Amino acid sequence: MTDTLLSVKNLTLNIPTGSGTLKAVRGIDFDLKRGETLSIVGESGSGKSLTSLAVMGLLGKSIKRQADEMRFDDIDLQKANRRVMRDLRGNRIAMIFQEPMTSLNPAYTIGDQLTETLLLHRKVSKAAARARAVELLEKVGITAAESRLSQYPHQLSGGLRQRVMIALALMCEPDLLIADEPTTALDVTIQAQILRLLVDLTREMNMAMILITHDLGVVARVADKVAVMYAGELVETGPASEVFAAPSHPYTRGLLRCIPQPGKTERGAPLGTIPGIVPSLIGDVSGCVFRTRCAHARPECREAIPLRGDASHEFKCVHPDGALSEEGEVA
């Protein structure tokens, strides 16, 4: 058995619209080993959530998915039928969705929703499933766990519902956890607790995790590898430490300038910005999609962009070494 748990090669997602085909995701490549954390980072609308939903097999019927390879362990996800995917979801692959506040069914108790997953995928008694639910609620830091099972989602605070969603995802001890913006709408203190909890649990259970976020500060604290996504493409991938220490793509550099750097950013100093807007992805998409916002763009940015770097740290840019000046001309 290989150490690689999930392998995605040349993933493309196209969405038909009235104005033409929206090329939402193009040429996505990444591998994830057991116990690793990969963070996919980028602006809203860059295709991060769609990529995770493609792995889960939860795309809308109109979305056309193509890939050279999509393999989870020894399972070909492209050829997997509905029964195979039903067995995988919630069992070996679990997901914390982008809006966990509304992901719990308001008509069922917390206990019913937690035990349902285990009863579906494991041959256990209701009593054993309930005991597992109590165990996980305690593990995620919820007090009086036994009494919480009889409560409904509306009776819990946002932070508690978030923790219930994590417990729900972990009921079957999955091999892969996909966390899509798991700290959305939570205050900073609760965000830190949730992230620490996720990191501790993935290490304790030797799970792989895909963490989807737009917060680079989060990535720096928890990720082993980072994939920077812009307008449906991965523009830079590599070990988190290397990408943060030596960002090679102009977009990655722009994102890093937008957050305060400890020991470098002076109090009250303005943070960096990335001018312009994300281009339309309907119809023909060619060249570097970031060129209309890049101060270092050249005429050749309109052509096919080479993949530079080495096998561990790659980026798509016409600049061979990422050594960019602070001045440039927008193409």
# chains A, B, ... in the order shown; residues from 1 in each chain; ligands from 1

call {"tool": "closest_atom_pairs", "arguments": {"of": "range 157-268 of chain A", "to": "range 21-42 of chain A", "cutoff": "6 Å", "atoms": "only C-alpha atoms", "output": "tab-separated table"}}
result
residue	atom	partner	partner_atom	distance
A:Asn206	CA	A:Gly35	CA	4.7
A:Met207	CA	A:Gly35	CA	4.8
A:Ala208	CA	A:Gly35	CA	4.4
A:Met209	CA	A:Thr37	CA	4.6
A:Ile210	CA	A:Leu38	CA	4.9
A:Leu211	CA	A:Ser39	CA	4.6
A:Ile212	CA	A:Ile40	CA	4.9
A:Thr213	CA	A:Val41	CA	5.2
A:His214	CA	A:Val41	CA	5.0
A:Ala223	CA	A:Thr37	CA	5.1
A:Asp224	CA	A:Thr37	CA	5.2
A:Lys225	CA	A:Leu38	CA	4.8
A:Val226	CA	A:Ser39	CA	4.8
A:Ala227	CA	A:Ile40	CA	4.8
A:Val228	CA	A:Val41	CA	5.0
A:Met229	CA	A:Gly42	CA	5.0
A:Tyr230	CA	A:Gly42	CA	6.0
A:Gly232	CA	A:Val25	CA	4.1
A:Glu233	CA	A:Arg26	CA	5.6

call {"tool": "select_by_dssp", "arguments": {"residues": "range 100-306 of chain A", "states": "strand (DSSP E)", "output": "NGL selection string"}}
result
:A and (176-180 or 208-213 or 225-230 or 233-239)

call {"tool": "closest_atom_pairs", "arguments": {"of": "range 179-258 of chain A", "to": "range 85-104 of chain A", "cutoff": "6 Å", "atoms": "only C-alpha atoms", "output": "CSV"}}
result
residue,atom,partner,partner_atom,distance
A:Ala179,CA,A:Ile96,CA,4.8
A:Asp180,CA,A:Gln98,CA,4.8
A:Glu181,CA,A:Gln98,CA,5.2

call {"tool": "write_last_selection", "arguments": {"atoms": "N, CA and C atoms", "output": "PDB file, in the first residue's frame"}}
result
ATOM      1  N   ALA A 179     -11.878  20.086   5.554  1.00  0.00           N
ATOM      2  CA  ALA A 179     -12.429  21.176   6.372  1.00  0.00           C
ATOM      3  C   ALA A 179     -12.514  22.428   5.506  1.00  0.00           C
ATOM      4  N   ASP A 180     -13.724  22.771   5.094  1.00  0.00           N
ATOM      5  CA  ASP A 180     -13.942  23.907   4.199  1.00  0.00           C
ATOM      6  C   ASP A 180     -14.318  25.134   5.030  1.00  0.00           C
ATOM      7  N   GLU A 181     -13.353  26.026   5.205  1.00  0.00           N
ATOM      8  CA  GLU A 181     -13.554  27.239   6.013  1.00  0.00           C
ATOM      9  C   GLU A 181     -14.200  26.879   7.365  1.00  0.00           C
TER      10      GLU A 181
END
